[in-house]
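start_11.pdb, holding PDB, N, CA and C atoms:
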ATOM      1  N   MET A   1     -10.553   3.318  19.843
ATOM      2  CA  MET A   1      -9.293   2.851  19.277
ATOM      3  C   MET A   1      -8.134   3.614  19.918
ATOM      4  N   ALA A   2      -6.987   2.992  19.900
ATOM      5  CA  ALA A   2      -5.807   3.611  20.506
ATOM      6  C   ALA A   2      -5.351   4.805  19.671
ATOM      7  N   ARG A   3      -4.931   5.843  20.375
ATOM      8  CA  ARG A   3      -4.463   7.055  19.699
ATOM      9  C   ARG A   3      -3.061   6.825  19.153
ATOM     10  N   ILE A   4      -2.780   7.367  17.994
ATOM     11  CA  ILE A   4      -1.455   7.279  17.395
ATOM     12  C   ILE A   4      -0.683   8.522  17.801
ATOM     13  N   THR A   5       0.383   8.322  18.538
ATOM     14  CA  THR A   5       1.139   9.443  19.083
ATOM     15  C   THR A   5       2.178   9.943  18.089
ATOM     16  N   LYS A   6       2.710  11.136  18.381
ATOM     17  CA  LYS A   6       3.779  11.691  17.556
ATOM     18  C   LYS A   6       5.020  10.807  17.598
ATOM     19  N   GLU A   7       5.252  10.164  18.746
ATOM     20  CA  GLU A   7       6.404   9.275  18.873
ATOM     21  C   GLU A   7       6.254   8.057  17.952
ATOM     22  N   ASP A   8       5.018   7.510  17.886
ATOM     23  CA  ASP A   8       4.758   6.382  16.977
ATOM     24  C   ASP A   8       5.016   6.802  15.531
ATOM     25  N   LEU A   9       4.518   7.979  15.168
ATOM     26  CA  LEU A   9       4.696   8.470  13.810
ATOM     27  C   LEU A   9       6.168   8.744  13.504
ATOM     28  N   HIS A  10       6.887   9.266  14.487
ATOM     29  CA  HIS A  10       8.314   9.536  14.297
ATOM     30  C   HIS A  10       9.073   8.228  14.043
ATOM     31  N   LEU A  11       8.742   7.184  14.802
ATOM     32  CA  LEU A  11       9.374   5.881  14.617
ATOM     33  C   LEU A  11       9.055   5.308  13.237
ATOM     34  N   LEU A  12       7.789   5.387  12.838
ATOM     35  CA  LEU A  12       7.408   4.901  11.511
ATOM     36  C   LEU A  12       8.095   5.682  10.400
ATOM     37  N   ALA A  13       8.172   6.993  10.568
ATOM     38  CA  ALA A  13       8.828   7.826   9.564
ATOM     39  C   ALA A  13      10.299   7.460   9.437
ATOM     40  N   ASN A  14      10.965   7.216  10.561
ATOM     41  CA  ASN A  14      12.367   6.808  10.514
ATOM     42  C   ASN A  14      12.527   5.459   9.828
ATOM     43  N   ASN A  15      11.592   4.538  10.068
ATOM     44  CA  ASN A  15      11.673   3.213   9.457
ATOM     45  C   ASN A  15      11.567   3.267   7.934
ATOM     46  N   ILE A  16      10.819   4.242   7.423
ATOM     47  CA  ILE A  16      10.703   4.357   5.964
ATOM     48  C   ILE A  16      11.559   5.496   5.419
ATOM     49  N   MET A  17      12.545   5.893   6.245
ATOM     50  CA  MET A  17      13.566   6.861   5.850
ATOM     51  C   MET A  17      13.003   8.222   5.482
ATOM     52  N   LEU A  18      12.032   8.700   6.282
ATOM     53  CA  LEU A  18      11.502  10.049   6.125
ATOM     54  C   LEU A  18      11.952  10.885   7.308
ATOM     55  N   ASP A  19      12.271  12.119   7.046
ATOM     56  CA  ASP A  19      12.665  13.040   8.122
ATOM     57  C   ASP A  19      11.572  14.094   8.240
ATOM     58  N   LEU A  20      10.651  13.890   9.200
ATOM     59  CA  LEU A  20       9.530  14.805   9.377
ATOM     60  C   LEU A  20       9.822  15.773  10.513
ATOM     61  N   LYS A  21       9.414  17.022  10.311
ATOM     62  CA  LYS A  21       9.565  18.043  11.343
ATOM     63  C   LYS A  21       8.487  17.849  12.406
ATOM     64  N   ASP A  22       8.691  18.475  13.561
ATOM     65  CA  ASP A  22       7.745  18.337  14.664
ATOM     66  C   ASP A  22       6.356  18.840  14.267
ATOM     67  N   GLU A  23       6.302  19.920  13.502
ATOM     68  CA  GLU A  23       5.016  20.461  13.043
ATOM     69  C   GLU A  23       4.299  19.461  12.129
ATOM     70  N   GLU A  24       5.055  18.811  11.251
ATOM     71  CA  GLU A  24       4.466  17.818  10.351
ATOM     72  C   GLU A  24       3.940  16.617  11.136
ATOM     73  N   LEU A  25       4.689  16.196  12.155
ATOM     74  CA  LEU A  25       4.229  15.080  12.986
ATOM     75  C   LEU A  25       2.961  15.446  13.746
ATOM     76  N   THR A  26       2.876  16.686  14.220
ATOM     77  CA  THR A  26       1.672  17.140  14.931
ATOM     78  C   THR A  26       0.464  17.119  13.993
ATOM     79  N   ASN A  27       0.632  17.657  12.793
ATOM     80  CA  ASN A  27      -0.470  17.664  11.822
ATOM     81  C   ASN A  27      -0.885  16.248  11.433
ATOM     82  N   LEU A  28       0.095  15.381  11.230
ATOM     83  CA  LEU A  28      -0.198  13.998  10.859
ATOM     84  C   LEU A  28      -0.926  13.279  11.987
ATOM     85  N   SER A  29      -0.526  13.546  13.211
ATOM     86  CA  SER A  29      -1.190  12.947  14.367
ATOM     87  C   SER A  29      -2.653  13.398  14.442
ATOM     88  N   LYS A  30      -2.911  14.678  14.176
ATOM     89  CA  LYS A  30      -4.290  15.185  14.173
ATOM     90  C   LYS A  30      -5.115  14.515  13.076
ATOM     91  N   GLU A  31      -4.513  14.323  11.908
ATOM     92  CA  GLU A  31      -5.225  13.675  10.807
ATOM     93  C   GLU A  31      -5.563  12.226  11.161
ATOM     94  N   PHE A  32      -4.638  11.532  11.829
ATOM     95  CA  PHE A  32      -4.918  10.169  12.249
ATOM     96  C   PHE A  32      -6.033  10.133  13.288
ATOM     97  N   ASP A  33      -6.090  11.136  14.166
ATOM     98  CA  ASP A  33      -7.176  11.203  15.143
ATOM     99  C   ASP A  33      -8.530  11.298  14.450
ATOM    100  N   VAL A  34      -8.614  12.111  13.405
ATOM    101  CA  VAL A  34      -9.866  12.244  12.654
ATOM    102  C   VAL A  34     -10.233  10.915  12.005
ATOM    103  N   ILE A  35      -9.250  10.247  11.416
ATOM    104  CA  ILE A  35      -9.506   8.948  10.776
ATOM    105  C   ILE A  35      -9.999   7.937  11.808
ATOM    106  N   LEU A  36      -9.377   7.912  12.975
ATOM    107  CA  LEU A  36      -9.800   6.973  14.017
ATOM    108  C   LEU A  36     -11.207   7.281  14.522
ATOM    109  N   GLN A  37     -11.570   8.570  14.607
ATOM    110  CA  GLN A  37     -12.932   8.937  14.997
ATOM    111  C   GLN A  37     -13.933   8.441  13.958
ATOM    112  N   GLN A  38     -13.575   8.569  12.689
ATOM    113  CA  GLN A  38     -14.455   8.093  11.630
ATOM    114  C   GLN A  38     -14.586   6.571  11.670
ATOM    115  N   MET A  39     -13.491   5.885  11.973
ATOM    116  CA  MET A  39     -13.549   4.426  12.075
ATOM    117  C   MET A  39     -14.420   3.993  13.250
ATOM    118  N   ASP A  40     -14.393   4.760  14.339
ATOM    119  CA  ASP A  40     -15.278   4.465  15.465
ATOM    120  C   ASP A  40     -16.739   4.574  15.043
ATOM    121  N   LEU A  41     -17.055   5.576  14.228
ATOM    122  CA  LEU A  41     -18.429   5.719  13.728
ATOM    123  C   LEU A  41     -18.824   4.541  12.847
ATOM    124  N   VAL A  42     -17.905   4.096  12.020
ATOM    125  CA  VAL A  42     -18.188   2.953  11.143
ATOM    126  C   VAL A  42     -18.436   1.700  11.981
ATOM    127  N   GLN A  43     -17.669   1.530  13.065
ATOM    128  CA  GLN A  43     -17.836   0.363  13.930
ATOM    129  C   GLN A  43     -19.214   0.333  14.586
ATOM    130  N   LYS A  44     -19.852   1.500  14.750
ATOM    131  CA  LYS A  44     -21.158   1.577  15.409
ATOM    132  C   LYS A  44     -22.321   1.247  14.473
ATOM    133  N   ILE A  45     -22.053   1.063  13.197
ATOM    134  CA  ILE A  45     -23.117   0.758  12.237
ATOM    135  C   ILE A  45     -23.654  -0.643  12.516
ATOM    136  N   ASN A  46     -24.966  -0.762  12.563
ATOM    137  CA  ASN A  46     -25.612  -2.049  12.807
ATOM    138  C   ASN A  46     -25.583  -2.873  11.517
ATOM    139  N   THR A  47     -24.874  -3.979  11.552
ATOM    140  CA  THR A  47     -24.768  -4.836  10.362
ATOM    141  C   THR A  47     -25.489  -6.167  10.548
ATOM    142  N   THR A  48     -26.416  -6.198  11.482
ATOM    143  CA  THR A  48     -27.207  -7.407  11.682
ATOM    144  C   THR A  48     -28.044  -7.664  10.435
ATOM    145  N   ASN A  49     -28.096  -8.902  10.016
ATOM    146  CA  ASN A  49     -28.842  -9.340   8.825
ATOM    147  C   ASN A  49     -28.296  -8.750   7.531
ATOM    148  N   VAL A  50     -27.047  -8.341   7.520
ATOM    149  CA  VAL A  50     -26.408  -7.863   6.289
ATOM    150  C   VAL A  50     -25.417  -8.930   5.863
ATOM    151  N   HIS A  51     -25.593  -9.419   4.646
ATOM    152  CA  HIS A  51     -24.720 -10.485   4.155
ATOM    153  C   HIS A  51     -23.426  -9.890   3.609
ATOM    154  N   SER A  52     -22.327 -10.596   3.851
ATOM    155  CA  SER A  52     -21.041 -10.116   3.365
ATOM    156  C   SER A  52     -20.963 -10.267   1.848
ATOM    157  N   MET A  53     -20.190  -9.396   1.234
ATOM    158  CA  MET A  53     -20.027  -9.415  -0.221
ATOM    159  C   MET A  53     -18.539  -9.459  -0.535
ATOM    160  N   HIS A  54     -18.192 -10.273  -1.500
ATOM    161  CA  HIS A  54     -16.796 -10.313  -1.933
ATOM    162  C   HIS A  54     -16.531  -9.292  -3.018
ATOM    163  N   PHE A  55     -17.566  -8.921  -3.742
ATOM    164  CA  PHE A  55     -17.448  -7.960  -4.826
ATOM    165  C   PHE A  55     -18.736  -7.147  -4.836
ATOM    166  N   PRO A  56     -18.665  -5.819  -4.922
ATOM    167  CA  PRO A  56     -19.870  -5.002  -4.754
ATOM    168  C   PRO A  56     -20.831  -4.984  -5.940
ATOM    169  N   PHE A  57     -20.466  -5.562  -7.055
ATOM    170  CA  PHE A  57     -21.316  -5.527  -8.237
ATOM    171  C   PHE A  57     -21.703  -6.934  -8.650
ATOM    172  N   GLU A  58     -22.891  -7.069  -9.191
ATOM    173  CA  GLU A  58     -23.318  -8.363  -9.698
ATOM    174  C   GLU A  58     -22.955  -8.434 -11.179
ATOM    175  N   LEU A  59     -21.803  -8.975 -11.455
ATOM    176  CA  LEU A  59     -21.323  -9.092 -12.826
ATOM    177  C   LEU A  59     -21.163 -10.554 -13.185
ATOM    178  N   THR A  60     -21.554 -10.859 -14.373
ATOM    179  CA  THR A  60     -21.266 -12.192 -14.891
ATOM    180  C   THR A  60     -20.452 -12.019 -16.152
ATOM    181  N   VAL A  61     -19.305 -12.631 -16.170
ATOM    182  CA  VAL A  61     -18.417 -12.539 -17.325
ATOM    183  C   VAL A  61     -18.540 -13.837 -18.098
ATOM    184  N   ASP A  62     -19.073 -13.743 -19.296
ATOM    185  CA  ASP A  62     -19.251 -14.946 -20.100
ATOM    186  C   ASP A  62     -18.414 -14.896 -21.377
ATOM    187  N   TYR A  63     -17.321 -14.183 -21.313
ATOM    188  CA  TYR A  63     -16.428 -14.111 -22.459
ATOM    189  C   TYR A  63     -14.989 -14.161 -21.961
ATOM    190  N   LEU A  64     -14.119 -14.574 -22.815
ATOM    191  CA  LEU A  64     -12.704 -14.594 -22.494
ATOM    192  C   LEU A  64     -11.982 -13.679 -23.466
ATOM    193  N   ARG A  65     -10.901 -13.095 -23.021
ATOM    194  CA  ARG A  65     -10.130 -12.242 -23.909
ATOM    195  C   ARG A  65      -9.390 -13.104 -24.914
ATOM    196  N   GLU A  66      -8.989 -12.487 -25.994
ATOM    197  CA  GLU A  66      -8.204 -13.191 -26.996
ATOM    198  C   GLU A  66      -6.835 -13.533 -26.425
ATOM    199  N   ASP A  67      -6.347 -14.682 -26.761
ATOM    200  CA  ASP A  67      -5.049 -15.116 -26.272
ATOM    201  C   ASP A  67      -3.990 -14.734 -27.290
ATOM    202  N   ASP A  68      -3.515 -13.484 -27.186
ATOM    203  CA  ASP A  68      -2.506 -12.994 -28.118
ATOM    204  C   ASP A  68      -1.119 -13.348 -27.606
ATOM    205  N   ALA A  69      -0.244 -13.683 -28.518
ATOM    206  CA  ALA A  69       1.130 -13.992 -28.148
ATOM    207  C   ALA A  69       1.829 -12.707 -27.717
ATOM    208  N   ALA A  70       2.544 -12.768 -26.603
ATOM    209  CA  ALA A  70       3.256 -11.605 -26.092
ATOM    210  C   ALA A  70       4.674 -11.589 -26.646
ATOM    211  N   VAL A  71       5.199 -10.375 -26.824
ATOM    212  CA  VAL A  71       6.574 -10.231 -27.272
ATOM    213  C   VAL A  71       7.463 -10.334 -26.041
ATOM    214  N   VAL A  72       8.352 -11.308 -26.044
ATOM    215  CA  VAL A  72       9.211 -11.556 -24.899
ATOM    216  C   VAL A  72      10.662 -11.400 -25.328
ATOM    217  N   SER A  73      11.397 -10.592 -24.556
ATOM    218  CA  SER A  73      12.821 -10.414 -24.846
ATOM    219  C   SER A  73      13.598 -11.588 -24.260
ATOM    220  N   SER A  74      14.700 -11.901 -24.877
ATOM    221  CA  SER A  74      15.523 -12.993 -24.365
ATOM    222  C   SER A  74      16.329 -12.523 -23.157
ATOM    223  N   GLN A  75      16.790 -13.468 -22.369
ATOM    224  CA  GLN A  75      17.577 -13.141 -21.190
ATOM    225  C   GLN A  75      18.848 -12.403 -21.592
ATOM    226  N   ALA A  76      19.464 -12.801 -22.678
ATOM    227  CA  ALA A  76      20.694 -12.159 -23.140
ATOM    228  C   ALA A  76      20.454 -10.697 -23.487
ATOM    229  N   GLU A  77      19.326 -10.394 -24.148
ATOM    230  CA  GLU A  77      19.001  -9.007 -24.501
ATOM    231  C   GLU A  77      18.787  -8.151 -23.248
ATOM    232  N   ILE A  78      18.103  -8.702 -22.276
ATOM    233  CA  ILE A  78      17.823  -7.960 -21.047
ATOM    234  C   ILE A  78      19.115  -7.716 -20.275
ATOM    235  N   LEU A  79      19.952  -8.730 -20.162
ATOM    236  CA  LEU A  79      21.215  -8.565 -19.447
ATOM    237  C   LEU A  79      22.140  -7.590 -20.168
ATOM    238  N   ALA A  80      22.089  -7.580 -21.499
ATOM    239  CA  ALA A  80      22.927  -6.649 -22.264
ATOM    240  C   ALA A  80      22.480  -5.207 -22.045
ATOM    241  N   ALA A  81      21.198  -4.989 -21.799
ATOM    242  CA  ALA A  81      20.674  -3.639 -21.616
ATOM    243  C   ALA A  81      20.842  -3.138 -20.182
ATOM    244  N   ALA A  82      21.139  -4.027 -19.228
ATOM    245  CA  ALA A  82      21.276  -3.637 -17.825
ATOM    246  C   ALA A  82      22.598  -2.914 -17.598
ATOM    247  N   PRO A  83      22.600  -1.885 -16.722
ATOM    248  CA  PRO A  83      23.837  -1.157 -16.474
ATOM    249  C   PRO A  83      24.900  -1.985 -15.751
ATOM    250  N   LYS A  84      24.465  -2.917 -14.873
ATOM    251  CA  LYS A  84      25.431  -3.725 -14.137
ATOM    252  C   LYS A  84      24.860  -5.124 -13.933
ATOM    253  N   THR A  85      25.642  -6.142 -14.238
ATOM    254  CA  THR A  85      25.190  -7.522 -14.083
ATOM    255  C   THR A  85      26.246  -8.343 -13.355
ATOM    256  N   MET A  86      25.776  -9.454 -12.790
ATOM    257  CA  MET A  86      26.682 -10.418 -12.170
ATOM    258  C   MET A  86      26.132 -11.794 -12.515
ATOM    259  N   ASP A  87      26.901 -12.563 -13.248
ATOM    260  CA  ASP A  87      26.463 -13.871 -13.742
ATOM    261  C   ASP A  87      25.175 -13.677 -14.553
ATOM    262  N   ASP A  88      24.089 -14.315 -14.126
ATOM    263  CA  ASP A  88      22.823 -14.202 -14.855
ATOM    264  C   ASP A  88      21.833 -13.269 -14.156
ATOM    265  N   TYR A  89      22.359 -12.318 -13.356
ATOM    266  CA  TYR A  89      21.491 -11.435 -12.581
ATOM    267  C   TYR A  89      21.815  -9.970 -12.862
ATOM    268  N   ILE A  90      20.795  -9.132 -12.685
ATOM    269  CA  ILE A  90      20.985  -7.685 -12.780
ATOM    270  C   ILE A  90      21.271  -7.179 -11.378
ATOM    271  N   VAL A  91      22.314  -6.381 -11.203
ATOM    272  CA  VAL A  91      22.704  -5.852  -9.893
ATOM    273  C   VAL A  91      22.081  -4.464  -9.737
ATOM    274  N   ILE A  92      21.386  -4.276  -8.583
ATOM    275  CA  ILE A  92      20.764  -2.980  -8.294
ATOM    276  C   ILE A  92      21.237  -2.509  -6.919
ATOM    277  N   ASN A  93      21.020  -1.243  -6.617
ATOM    278  CA  ASN A  93      21.386  -0.680  -5.323
ATOM    279  C   ASN A  93      20.398  -1.136  -4.269
ATOM    280  N   LYS A  94      20.883  -1.341  -3.061
ATOM    281  CA  LYS A  94      20.033  -1.696  -1.935
ATOM    282  C   LYS A  94      19.168  -0.499  -1.565
ATOM    283  N   VAL A  95      17.859  -0.704  -1.408
ATOM    284  CA  VAL A  95      16.951   0.410  -1.152
ATOM    285  C   VAL A  95      16.230   0.319   0.188
ATOM    286  N   VAL A  96      16.586  -0.650   1.030
ATOM    287  CA  VAL A  96      15.977  -0.773   2.349
ATOM    288  C   VAL A  96      17.069  -0.891   3.390
ATOM    289  N   LYS A  97      16.671  -0.718   4.659
ATOM    290  CA  LYS A  97      17.633  -0.845   5.756
ATOM    291  C   LYS A  97      18.115  -2.268   5.863
TER
END
Using structure tokens, write down the structure that the file contains.
Amino acid sequence: MARITKEDLHLLANNIMLDLKDEELTNLSKEFDVILQQMDLVQKINTTNVHSMHFPFELTVDYLREDDAAVVSSQAEILAAAPKTMDDYIVINKVVK
């Protein structure tokens, strides 16, 4: 598998608004190398005649939960509790680039 470089990690960190030091990027790069080595080992496992599974347990569910009515607040109550609203919407701060 392709090695993940410090430059790749620096770019990813900037994209998610993290400021990592060079030492932290070096350590993170080493940790990714270990993970990639482990993934290479997993890729070498012989899976011939192994059937795929969607769920690891054989469970049969023959019951349904009770259908209890949920307590729902009205739109007016929710908008009244919000710190800032515009028309019928709650206004929040932008959290991405």
Open item on the list: One number please: atom C of Leu18 in chain A to atom C of Ile90 in chain A, in Å, one decimal.
Closed with: 27.6 Å
TODO: Step one, run DSSP on the backbone; step two, keep only residues of chain A assigned to strand (DSSP E or B); then write them as a list in words.
DONE: Thr85, Met86, Tyr89 and Ile90 of chain A
TODO: Could you please determine the separation between CA of Leu28 in chain A and atom C of Ala2 in chain A in Å, to one decimal place?
DONE: 13.7 Å
Open item on the list: Every residue with an atom at most 7 Å from (0.2, 15.0, 17.4) (file coordinates; all atoms listed in the file) is what I'm after, so could you write them as a VMD selection string?
Closed with: chain A and resid 4 to 6 25 to 30
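Taking CA of Glu24 in chain A as the reference point, CA of Val42 in chain A is found at 27.1 Å.
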